[in-house]
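Accompanying notes for the structure given below.
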Amino acid sequence: MSTQTSTVAADAPDPAGLEGGGGGTRKGMRGHPWLTLVTVAFGVTMVALDGTIVAIANPAIQKDLGASLSDVQWITNGYLLALAVALITAGKLGDRFGHRQTFLVGVVGFAAASAAIGVSGSVALVVTFRVLQGIFGALLMPAALGLLRASFPAERLNAAIGIWGAVIGASTAAGPIVGGLLVEHVNWESVFFINVPVGALALVMGLVLLLDRRPENAPRSFDLLGVVLLSVAMFCLVWAIIKAPEWHWGDARTIGFLAVSLLAFAAFGFWETRAKEPLLPMSMFRSIPLTAGTVLMVLMAFGFMGGLFFVTFYLQNVNGLSPVDSGLRLLPLTAMMIVASPLAGTVITKVGPRIPLVAAMVLTAVAMFGLSSLDADSGMGITSVWFAILGLGLAPVMVGATEVIVGNAPLQHAGVAGGLQQAAMQVGGSLGTAVLGAVMASRVGSELPQQWAEAKLPQLPEQKEEALKKAAEVGMAPPAPKGTPAQVAETIEHVVHGSFISGMGLAFVCAGIVAVLAAGVAVFTSRGTNDAGPSVHI
């Protein structure tokens, strides 16, 4: 992959005006901000789509490859673990060696790993290549933000990130619909093969259009000890979160991994204050807006991803919708995020991030509290209202918090800031799913026996009662034994669904409280002041 070694004026667009890129010549097109945005959008689409599309394919993979439930869980967990552990380090690689090169390596690697999964004949290979997908996705995502940060001046960065957020929102929400159609009408392998043409297009556009812009004071060395300490800390944290539902939060193993994570984070922070060129400069966190933006991203992802985890079970197991129909039911959320993300970028550009972000988290809280009121008979109308409000609240946060983090970081640390933003989302989402899952399980565990007794159903053996509880945690009423009267089977289904909805309601209330706390954190955000400026060189 080639690199140019000229001054910014030779190839790059006007940093302030973003005027138009030289009349259509290749020289004028290379480095044009809006063409850069379009190019990175294709790469980001692969990663965002993959985050949700694979969930629809998991049952087909399990059946075709004879995988266990644990194997299928690792198809998701292996990817998330690799992504979370590698993000900040990958961002530093972009700062050190160039975001263009890092982005292109990520695109090629992600597409190649996707193709390898499609031809894998065992679940072990699928999990292995999913881990590689996570590593290459970690290279790609911070580099995309680093390219945008270097291409757009501060006053235009919000608009670019608004479109970037809309692409992520649309791709994430389209995953279940696209995945359902591909699995139903083609095969599960096509869910991964779809990344190959998208990656090829992103590669060609990247080679032609992307410009590697690095500041004069870009990092020249690499903090290997920092990489090891941060990787250990992130691995132990995410591993504990992933295993907590199985081990329980009070288990010695869970506590042990959390303790090691805490010690590794403390050692990492200590070392970073002494390293010559630290992996994650602690001086970045002297910026109150950047710190607030990071915390806000964690809290937003906690409530959003943790809460929505239950929605898919509610739509499919309680309302009886197919995966494709469930995706369609979420269209108000998708549509509002697509429409509101670029609009949020425009508003934040005009008035700054503080007021829009506070208002957005208040709207998110309203939507979460509204979703807590759903019951088994809630129709499309009321669910659409709450999903639309949720999308309207989430879009400004995705845009604004990202701009606050990336925009308040020095240009030479743009990749690290991008990795920090993505890591905050991954950790927040994983933590939200695990914690709210524990809240759900606890409520179901108390509600199910109570409602079972109130319905005057016969007492079950301990083993069957535990199996029933596990099924109720995902809203699934087990099939009644042959010969069970229809009225009794209907009562069992009513009790299971009632217990699930009670647990889901409490989980959404907790998510709403977290959203209120996030609104308080948003008060401390402000617009980024670090502009790319004319000091950038290639």
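Chain labels run A, B, ... following the order of the structure tokens; each chain numbers its residues from 1, and ligands are numbered from 1 in the order shown.
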Looking only at the backbone, which of the residues in stretch 345-478 of chain A does DSSP tag as helix (DSSP H, G or I), as a short mmCIF file (atom, residue, chain, number, x, y, z; two decimals) with N, CA, C and O atoms, in the first residue's frame?
```
data_model
loop_
_atom_site.label_atom_id
_atom_site.label_comp_id
_atom_site.auth_asym_id
_atom_site.auth_seq_id
_atom_site.Cartn_x
_atom_site.Cartn_y
_atom_site.Cartn_z
N GLY A 345 -26.12 15.84 13.97
CA GLY A 345 -24.83 16.43 13.65
C GLY A 345 -24.94 17.91 13.32
O GLY A 345 -24.14 18.73 13.77
N THR A 346 -25.97 18.27 12.57
CA THR A 346 -26.19 19.66 12.20
C THR A 346 -26.53 20.51 13.43
O THR A 346 -25.99 21.60 13.62
N VAL A 347 -27.42 20.00 14.28
CA VAL A 347 -27.82 20.75 15.48
C VAL A 347 -26.64 20.92 16.42
O VAL A 347 -26.41 22.02 16.96
N ILE A 348 -25.87 19.85 16.62
CA ILE A 348 -24.72 19.92 17.53
C ILE A 348 -23.68 20.90 16.99
O ILE A 348 -23.02 21.61 17.76
N THR A 349 -23.52 20.96 15.67
CA THR A 349 -22.60 21.93 15.07
C THR A 349 -23.01 23.35 15.41
O THR A 349 -22.16 24.22 15.67
N LYS A 350 -24.32 23.62 15.43
CA LYS A 350 -24.81 24.98 15.66
C LYS A 350 -24.82 25.36 17.14
O LYS A 350 -24.46 26.49 17.50
N VAL A 351 -25.25 24.46 18.03
CA VAL A 351 -25.45 24.84 19.43
C VAL A 351 -24.50 24.15 20.39
O VAL A 351 -24.53 24.41 21.59
N ARG A 354 -23.78 19.90 24.43
CA ARG A 354 -24.32 19.72 25.78
C ARG A 354 -25.85 19.62 25.80
O ARG A 354 -26.42 18.63 26.29
N ILE A 355 -26.54 20.62 25.27
CA ILE A 355 -28.01 20.63 25.33
C ILE A 355 -28.61 19.45 24.54
O ILE A 355 -29.48 18.74 25.06
N PRO A 356 -28.16 19.20 23.29
CA PRO A 356 -28.72 18.04 22.57
C PRO A 356 -28.48 16.71 23.28
O PRO A 356 -29.36 15.84 23.28
N LEU A 357 -27.30 16.55 23.90
CA LEU A 357 -27.01 15.27 24.55
C LEU A 357 -27.84 15.08 25.81
O LEU A 357 -28.33 13.98 26.09
N VAL A 358 -28.01 16.13 26.59
CA VAL A 358 -28.86 16.02 27.78
C VAL A 358 -30.30 15.70 27.36
O VAL A 358 -30.94 14.80 27.92
N ALA A 359 -30.80 16.44 26.38
CA ALA A 359 -32.17 16.20 25.90
C ALA A 359 -32.31 14.78 25.33
O ALA A 359 -33.33 14.11 25.55
N ALA A 360 -31.29 14.32 24.62
CA ALA A 360 -31.35 12.99 24.01
C ALA A 360 -31.41 11.90 25.08
O ALA A 360 -32.16 10.93 24.96
N MET A 361 -30.62 12.02 26.14
CA MET A 361 -30.65 11.01 27.19
C MET A 361 -31.95 11.05 27.98
O MET A 361 -32.42 10.02 28.46
N VAL A 362 -32.56 12.23 28.10
CA VAL A 362 -33.88 12.32 28.73
C VAL A 362 -34.91 11.57 27.87
O VAL A 362 -35.73 10.81 28.39
N LEU A 363 -34.85 11.79 26.55
CA LEU A 363 -35.75 11.06 25.64
C LEU A 363 -35.51 9.55 25.73
O LEU A 363 -36.46 8.76 25.72
N THR A 364 -34.24 9.16 25.81
CA THR A 364 -33.91 7.74 25.93
C THR A 364 -34.50 7.16 27.21
O THR A 364 -35.05 6.05 27.22
N ALA A 365 -34.41 7.92 28.30
CA ALA A 365 -34.98 7.47 29.57
C ALA A 365 -36.50 7.32 29.46
O ALA A 365 -37.08 6.33 29.93
N VAL A 366 -37.15 8.30 28.82
CA VAL A 366 -38.61 8.22 28.62
C VAL A 366 -38.97 6.95 27.84
O VAL A 366 -39.92 6.23 28.19
N ALA A 367 -38.19 6.66 26.78
CA ALA A 367 -38.46 5.47 25.97
C ALA A 367 -38.26 4.19 26.80
O ALA A 367 -39.06 3.25 26.70
N MET A 368 -37.20 4.16 27.61
CA MET A 368 -36.94 2.97 28.44
C MET A 368 -38.06 2.75 29.44
O MET A 368 -38.55 1.61 29.62
N PHE A 369 -38.50 3.82 30.10
CA PHE A 369 -39.60 3.68 31.05
C PHE A 369 -40.89 3.29 30.32
O PHE A 369 -41.70 2.53 30.84
N GLY A 370 -41.07 3.81 29.10
CA GLY A 370 -42.24 3.43 28.32
C GLY A 370 -42.21 1.96 27.94
O GLY A 370 -43.23 1.26 28.03
N LEU A 371 -41.04 1.46 27.53
CA LEU A 371 -40.91 0.05 27.16
C LEU A 371 -41.13 -0.87 28.36
O LEU A 371 -41.53 -2.03 28.19
N MET A 380 -48.56 -3.24 17.75
CA MET A 380 -47.51 -2.59 16.97
C MET A 380 -47.51 -1.08 17.19
O MET A 380 -46.45 -0.45 17.19
N GLY A 381 -48.69 -0.50 17.40
CA GLY A 381 -48.78 0.96 17.55
C GLY A 381 -47.97 1.47 18.72
O GLY A 381 -47.13 2.37 18.57
N ILE A 382 -48.20 0.92 19.91
CA ILE A 382 -47.52 1.42 21.10
C ILE A 382 -46.04 1.09 21.08
O ILE A 382 -45.20 1.91 21.48
N THR A 383 -45.68 -0.12 20.60
CA THR A 383 -44.26 -0.46 20.54
C THR A 383 -43.53 0.45 19.54
O THR A 383 -42.40 0.86 19.79
N SER A 384 -44.19 0.79 18.45
CA SER A 384 -43.58 1.67 17.45
C SER A 384 -43.29 3.05 18.03
O SER A 384 -42.27 3.67 17.72
N VAL A 385 -44.21 3.54 18.87
CA VAL A 385 -44.01 4.86 19.49
C VAL A 385 -42.76 4.85 20.35
O VAL A 385 -41.90 5.74 20.25
N TRP A 386 -42.65 3.84 21.22
CA TRP A 386 -41.49 3.80 22.12
C TRP A 386 -40.19 3.57 21.36
O TRP A 386 -39.15 4.14 21.70
N PHE A 387 -40.22 2.72 20.32
CA PHE A 387 -39.02 2.48 19.51
C PHE A 387 -38.60 3.76 18.79
O PHE A 387 -37.40 4.07 18.68
N ALA A 388 -39.56 4.51 18.28
CA ALA A 388 -39.25 5.76 17.57
C ALA A 388 -38.62 6.78 18.52
O ALA A 388 -37.63 7.45 18.17
N ILE A 389 -39.18 6.90 19.72
CA ILE A 389 -38.62 7.83 20.71
C ILE A 389 -37.21 7.39 21.10
O ILE A 389 -36.30 8.22 21.27
N LEU A 390 -37.02 6.08 21.24
CA LEU A 390 -35.69 5.57 21.58
C LEU A 390 -34.68 5.92 20.49
O LEU A 390 -33.56 6.36 20.77
N GLY A 391 -35.06 5.73 19.22
CA GLY A 391 -34.17 6.09 18.11
C GLY A 391 -33.86 7.57 18.09
O GLY A 391 -32.72 7.99 17.83
N LEU A 392 -34.88 8.38 18.38
CA LEU A 392 -34.69 9.83 18.41
C LEU A 392 -33.74 10.23 19.53
O LEU A 392 -32.98 11.20 19.41
N GLY A 393 -33.74 9.49 20.63
CA GLY A 393 -32.84 9.79 21.73
C GLY A 393 -31.43 9.27 21.51
O GLY A 393 -30.45 9.93 21.86
N LEU A 394 -31.32 8.10 20.90
CA LEU A 394 -30.00 7.47 20.74
C LEU A 394 -29.14 8.16 19.69
O LEU A 394 -27.93 8.25 19.83
N ALA A 395 -29.77 8.62 18.60
CA ALA A 395 -29.00 9.17 17.48
C ALA A 395 -28.08 10.32 17.91
O ALA A 395 -26.89 10.31 17.58
N PRO A 396 -28.59 11.34 18.63
CA PRO A 396 -27.68 12.43 19.03
C PRO A 396 -26.56 11.96 19.95
O PRO A 396 -25.47 12.53 19.93
N VAL A 397 -26.81 10.92 20.75
CA VAL A 397 -25.77 10.44 21.66
C VAL A 397 -24.66 9.74 20.87
O VAL A 397 -23.48 9.95 21.12
N MET A 398 -25.07 8.90 19.92
CA MET A 398 -24.07 8.23 19.09
C MET A 398 -23.18 9.25 18.38
O MET A 398 -21.96 9.10 18.31
N VAL A 399 -23.81 10.30 17.86
CA VAL A 399 -23.07 11.33 17.12
C VAL A 399 -22.28 12.22 18.08
O VAL A 399 -21.07 12.41 17.93
N GLY A 400 -23.00 12.78 19.06
CA GLY A 400 -22.40 13.78 19.93
C GLY A 400 -21.30 13.24 20.82
O GLY A 400 -20.23 13.85 20.95
N ALA A 401 -21.52 12.07 21.44
CA ALA A 401 -20.50 11.52 22.33
C ALA A 401 -19.26 11.12 21.54
O ALA A 401 -18.13 11.28 22.02
N THR A 402 -19.47 10.61 20.33
CA THR A 402 -18.32 10.26 19.48
C THR A 402 -17.51 11.50 19.14
O THR A 402 -16.28 11.50 19.24
N GLU A 403 -18.20 12.57 18.76
CA GLU A 403 -17.48 13.81 18.41
C GLU A 403 -16.78 14.40 19.63
O GLU A 403 -15.67 14.92 19.53
N VAL A 404 -17.42 14.30 20.80
CA VAL A 404 -16.81 14.83 22.02
C VAL A 404 -15.52 14.09 22.34
O VAL A 404 -14.50 14.71 22.69
N ILE A 405 -15.53 12.76 22.19
CA ILE A 405 -14.33 11.97 22.48
C ILE A 405 -13.24 12.23 21.45
O ILE A 405 -12.10 12.56 21.78
N VAL A 406 -13.59 12.07 20.18
CA VAL A 406 -12.60 12.19 19.11
C VAL A 406 -12.17 13.64 18.92
O VAL A 406 -11.00 13.94 18.71
N GLY A 407 -13.13 14.57 19.00
CA GLY A 407 -12.83 15.98 18.76
C GLY A 407 -12.00 16.63 19.85
O GLY A 407 -11.29 17.59 19.60
N LEU A 411 -4.89 15.50 17.60
CA LEU A 411 -4.93 14.80 16.33
C LEU A 411 -4.00 13.59 16.31
O LEU A 411 -4.33 12.55 15.73
N GLN A 412 -2.84 13.70 16.97
CA GLN A 412 -1.90 12.58 16.94
C GLN A 412 -2.41 11.37 17.71
O GLN A 412 -1.87 10.28 17.60
N HIS A 413 -3.50 11.55 18.50
CA HIS A 413 -4.11 10.45 19.24
C HIS A 413 -5.52 10.17 18.73
O HIS A 413 -6.33 9.57 19.46
N ALA A 414 -5.82 10.54 17.49
CA ALA A 414 -7.17 10.34 16.96
C ALA A 414 -7.55 8.87 16.90
O ALA A 414 -8.69 8.50 17.18
N GLY A 415 -6.61 8.02 16.54
CA GLY A 415 -6.90 6.59 16.48
C GLY A 415 -7.17 6.00 17.85
O GLY A 415 -8.10 5.21 18.02
N VAL A 416 -6.37 6.40 18.83
CA VAL A 416 -6.60 5.93 20.20
C VAL A 416 -7.96 6.40 20.69
O VAL A 416 -8.70 5.65 21.33
N ALA A 417 -8.32 7.65 20.36
CA ALA A 417 -9.63 8.17 20.76
C ALA A 417 -10.75 7.38 20.10
O ALA A 417 -11.77 7.08 20.73
N GLY A 418 -10.57 7.03 18.83
CA GLY A 418 -11.56 6.20 18.15
C GLY A 418 -11.68 4.83 18.78
O GLY A 418 -12.78 4.30 18.94
N GLY A 419 -10.53 4.25 19.16
CA GLY A 419 -10.55 2.96 19.85
C GLY A 419 -11.21 3.06 21.21
O GLY A 419 -11.94 2.17 21.63
N LEU A 420 -10.97 4.19 21.90
CA LEU A 420 -11.58 4.41 23.21
C LEU A 420 -13.10 4.49 23.08
O LEU A 420 -13.84 3.92 23.89
N GLN A 421 -13.58 5.19 22.05
CA GLN A 421 -15.02 5.31 21.83
C GLN A 421 -15.65 3.94 21.58
O GLN A 421 -16.68 3.59 22.16
N GLN A 422 -15.02 3.15 20.71
CA GLN A 422 -15.56 1.83 20.39
C GLN A 422 -15.45 0.88 21.60
O GLN A 422 -16.37 0.09 21.85
N ALA A 423 -14.34 0.96 22.34
CA ALA A 423 -14.18 0.11 23.52
C ALA A 423 -15.23 0.44 24.57
O ALA A 423 -15.77 -0.46 25.23
N ALA A 424 -15.52 1.73 24.74
CA ALA A 424 -16.56 2.15 25.69
C ALA A 424 -17.91 1.55 25.31
O ALA A 424 -18.67 1.08 26.17
N MET A 425 -18.22 1.53 24.01
CA MET A 425 -19.47 0.93 23.56
C MET A 425 -19.49 -0.57 23.81
O MET A 425 -20.50 -1.12 24.28
N GLN A 426 -18.39 -1.25 23.52
CA GLN A 426 -18.36 -2.70 23.69
C GLN A 426 -18.48 -3.09 25.17
O GLN A 426 -19.24 -3.98 25.53
N VAL A 427 -17.71 -2.41 26.02
CA VAL A 427 -17.75 -2.73 27.45
C VAL A 427 -19.12 -2.38 28.02
O VAL A 427 -19.72 -3.16 28.78
N GLY A 428 -19.65 -1.21 27.65
CA GLY A 428 -20.97 -0.81 28.14
C GLY A 428 -22.05 -1.77 27.70
O GLY A 428 -22.92 -2.15 28.50
N GLY A 429 -22.01 -2.19 26.43
CA GLY A 429 -23.01 -3.12 25.92
C GLY A 429 -22.92 -4.48 26.59
O GLY A 429 -23.94 -5.07 26.97
N SER A 430 -21.70 -4.99 26.74
CA SER A 430 -21.51 -6.29 27.40
C SER A 430 -21.96 -6.23 28.86
O SER A 430 -22.63 -7.14 29.36
N LEU A 431 -21.58 -5.15 29.53
CA LEU A 431 -21.95 -4.99 30.94
C LEU A 431 -23.47 -4.86 31.08
O LEU A 431 -24.08 -5.46 31.98
N GLY A 432 -24.09 -4.09 30.19
CA GLY A 432 -25.54 -3.92 30.25
C GLY A 432 -26.27 -5.22 30.04
O GLY A 432 -27.23 -5.54 30.76
N THR A 433 -25.83 -6.01 29.06
CA THR A 433 -26.47 -7.29 28.78
C THR A 433 -26.33 -8.23 29.98
O THR A 433 -27.29 -8.90 30.37
N ALA A 434 -25.13 -8.25 30.60
CA ALA A 434 -24.91 -9.15 31.73
C ALA A 434 -25.66 -8.70 32.98
O ALA A 434 -26.33 -9.51 33.65
N VAL A 435 -25.56 -7.41 33.31
CA VAL A 435 -26.19 -6.92 34.53
C VAL A 435 -27.71 -6.95 34.42
O VAL A 435 -28.41 -7.43 35.33
N LEU A 436 -28.24 -6.43 33.32
CA LEU A 436 -29.70 -6.45 33.16
C LEU A 436 -30.20 -7.88 32.98
O LEU A 436 -31.34 -8.19 33.36
N GLY A 437 -29.36 -8.76 32.43
CA GLY A 437 -29.72 -10.17 32.37
C GLY A 437 -29.85 -10.77 33.75
O GLY A 437 -30.76 -11.58 34.02
N ALA A 438 -28.95 -10.38 34.66
CA ALA A 438 -29.02 -10.86 36.04
C ALA A 438 -30.26 -10.32 36.73
O ALA A 438 -30.92 -11.02 37.51
N VAL A 439 -30.60 -9.06 36.45
CA VAL A 439 -31.82 -8.46 37.01
C VAL A 439 -33.05 -9.23 36.52
O VAL A 439 -33.95 -9.56 37.29
N MET A 440 -33.06 -9.50 35.21
CA MET A 440 -34.16 -10.27 34.62
C MET A 440 -34.28 -11.65 35.27
O MET A 440 -35.37 -12.09 35.67
N ALA A 441 -33.16 -12.37 35.37
CA ALA A 441 -33.18 -13.73 35.92
C ALA A 441 -33.67 -13.72 37.36
O ALA A 441 -34.43 -14.61 37.77
N SER A 442 -33.24 -12.72 38.13
CA SER A 442 -33.66 -12.63 39.53
C SER A 442 -35.16 -12.41 39.64
O SER A 442 -35.84 -13.05 40.45
N ARG A 443 -35.69 -11.50 38.83
CA ARG A 443 -37.13 -11.23 38.88
C ARG A 443 -37.94 -12.45 38.41
O ARG A 443 -38.95 -12.79 39.03
N VAL A 444 -37.49 -13.08 37.33
CA VAL A 444 -38.20 -14.28 36.86
C VAL A 444 -38.16 -15.37 37.92
O VAL A 444 -39.15 -16.06 38.16
N GLY A 445 -37.01 -15.52 38.60
CA GLY A 445 -36.87 -16.53 39.63
C GLY A 445 -37.84 -16.35 40.78
O GLY A 445 -38.25 -17.33 41.43
N SER A 446 -38.20 -15.10 41.07
CA SER A 446 -39.16 -14.85 42.16
C SER A 446 -40.61 -14.82 41.68
O SER A 446 -41.52 -15.24 42.39
N GLU A 447 -40.82 -14.33 40.46
CA GLU A 447 -42.18 -14.20 39.94
C GLU A 447 -42.77 -15.52 39.47
O GLU A 447 -43.97 -15.77 39.65
N LEU A 448 -41.94 -16.37 38.85
CA LEU A 448 -42.46 -17.60 38.26
C LEU A 448 -43.12 -18.51 39.30
O LEU A 448 -44.27 -18.95 39.10
N PRO A 449 -42.46 -18.83 40.43
CA PRO A 449 -43.13 -19.68 41.43
C PRO A 449 -44.40 -19.05 42.00
O PRO A 449 -45.39 -19.74 42.25
N GLN A 450 -44.34 -17.72 42.17
CA GLN A 450 -45.50 -17.03 42.73
C GLN A 450 -46.70 -17.10 41.78
O GLN A 450 -47.82 -17.45 42.19
N GLN A 451 -46.46 -16.78 40.50
CA GLN A 451 -47.55 -16.83 39.53
C GLN A 451 -48.01 -18.27 39.28
O GLN A 451 -49.19 -18.52 39.02
N TRP A 452 -47.07 -19.21 39.35
CA TRP A 452 -47.41 -20.62 39.17
C TRP A 452 -48.37 -21.07 40.28
O TRP A 452 -49.37 -21.76 40.02
N ALA A 453 -48.05 -20.66 41.52
CA ALA A 453 -48.91 -21.03 42.65
C ALA A 453 -50.27 -20.35 42.56
O ALA A 453 -51.31 -20.97 42.85
N GLU A 454 -50.26 -19.07 42.16
CA GLU A 454 -51.54 -18.34 42.04
C GLU A 454 -52.44 -18.94 40.97
O GLU A 454 -53.67 -18.88 41.07
N GLU A 462 -37.91 -30.52 41.05
CA GLU A 462 -36.90 -29.46 41.06
C GLU A 462 -36.20 -29.30 39.71
O GLU A 462 -35.97 -28.19 39.24
N GLN A 463 -35.90 -30.43 39.05
CA GLN A 463 -35.20 -30.38 37.77
C GLN A 463 -36.06 -29.71 36.70
O GLN A 463 -35.59 -28.86 35.94
N LYS A 464 -37.34 -30.07 36.64
CA LYS A 464 -38.24 -29.48 35.66
C LYS A 464 -38.52 -28.02 35.98
O LYS A 464 -38.69 -27.19 35.09
N GLU A 465 -38.56 -27.69 37.26
CA GLU A 465 -38.79 -26.29 37.66
C GLU A 465 -37.64 -25.41 37.21
O GLU A 465 -37.84 -24.28 36.74
N GLU A 466 -36.39 -25.92 37.32
CA GLU A 466 -35.23 -25.15 36.87
C GLU A 466 -35.23 -24.98 35.35
O GLU A 466 -34.91 -23.89 34.85
N ALA A 467 -35.62 -26.04 34.62
CA ALA A 467 -35.71 -25.95 33.16
C ALA A 467 -36.78 -24.94 32.75
O ALA A 467 -36.60 -24.18 31.80
N LEU A 468 -37.89 -24.94 33.49
CA LEU A 468 -38.97 -23.99 33.20
C LEU A 468 -38.50 -22.56 33.44
O LEU A 468 -38.80 -21.64 32.65
N LYS A 469 -37.72 -22.35 34.49
CA LYS A 469 -37.20 -21.01 34.80
C LYS A 469 -36.28 -20.53 33.68
O LYS A 469 -36.35 -19.37 33.26
N LYS A 470 -35.39 -21.41 33.20
CA LYS A 470 -34.48 -21.04 32.11
C LYS A 470 -35.27 -20.65 30.86
O LYS A 470 -34.93 -19.70 30.16
N ALA A 471 -36.33 -21.41 30.58
CA ALA A 471 -37.16 -21.09 29.41
C ALA A 471 -37.89 -19.76 29.61
O ALA A 471 -38.00 -18.95 28.68
N ALA A 472 -38.36 -19.51 30.83
CA ALA A 472 -39.08 -18.27 31.11
C ALA A 472 -38.19 -17.05 30.98
O ALA A 472 -38.67 -15.95 30.66
#
```
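Between atom CA of A:Gly293 and atom CA of A:Leu517 the separation is 13.1 Å.
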Spatial neighbours of stretch 484-498 of chain A, max dist 8 Å, only C-alpha atoms, sep filter under 2 positions, as a PyMOL selection string: chain A and resi 318+375-376+448+451-452+455+457+472+475-478+480-482+500-502
Minimum-distance residue to A:Phe136, chosen among A:Val260, A:Ala90, A:Ala115, A:Ala41 (using only C-alpha atoms): A:Ala90
Which residues are close to stretch 94-107 of chain A, i.e. within 6 Å by only C-alpha atoms, leaving aside same-chain residues fewer than 2 positions away? Reply as a CSV table (one decimal) with N, CA and C atoms, in the first residue's frame.
```
chain,number,residue,atom,x,y,z
A,91,GLY,N,-6.2,1.3,17.6
A,91,GLY,CA,-6.2,2.7,17.3
A,91,GLY,C,-4.8,3.3,17.4
A,92,LYS,N,-4.0,2.8,18.3
A,92,LYS,CA,-2.6,3.3,18.4
A,92,LYS,C,-1.8,2.9,17.2
A,109,GLY,N,-8.6,-8.0,5.9
A,109,GLY,CA,-8.6,-9.1,6.9
A,109,GLY,C,-10.1,-9.5,7.3
A,110,PHE,N,-10.9,-8.5,7.4
A,110,PHE,CA,-12.3,-8.8,7.8
A,110,PHE,C,-13.0,-9.5,6.7
A,136,PHE,N,-9.6,-7.9,13.1
A,136,PHE,CA,-9.5,-7.0,12.0
A,136,PHE,C,-10.6,-5.9,12.1
A,139,LEU,N,-9.1,-3.1,14.0
A,139,LEU,CA,-8.2,-2.3,13.2
A,139,LEU,C,-9.0,-1.3,12.4
A,140,LEU,N,-10.2,-1.7,11.9
A,140,LEU,CA,-10.9,-1.0,10.9
A,140,LEU,C,-11.7,0.2,11.6
A,143,ALA,N,-9.6,3.3,12.9
A,143,ALA,CA,-9.0,3.9,11.7
A,143,ALA,C,-10.0,4.8,11.0
A,199,GLY,N,-16.4,-5.6,1.1
A,199,GLY,CA,-15.0,-5.4,1.4
A,199,GLY,C,-14.2,-5.0,0.2
A,212,ASP,N,-3.4,9.4,3.5
A,212,ASP,CA,-2.8,9.1,4.8
A,212,ASP,C,-2.3,10.4,5.4
A,219,PRO,N,3.1,9.5,16.9
A,219,PRO,CA,3.9,8.6,17.7
A,219,PRO,C,5.0,7.9,16.8
A,415,GLY,N,-6.6,8.0,16.5
A,415,GLY,CA,-6.9,6.6,16.5
A,415,GLY,C,-7.2,6.0,17.8
```
Exercise: stretch 222-233 of chain A partners within 9 Å, only C-alpha atoms, chain neighbours under 4 positions left out, as a ChimeraX atom specification: /A:84-86,88-89,92-93,96,237-238,258,260-265,267-269,271-272,275-280
Give me the residues within 12 Å of A:Trp247 as a count of residues only, counting only C-alpha atoms and dropping any in the same chain fewer than 6 places off. 10
Gap from atom CA of A:Leu83 to atom CA of A:Ala138 - Å, one decimal: 5.3 Å
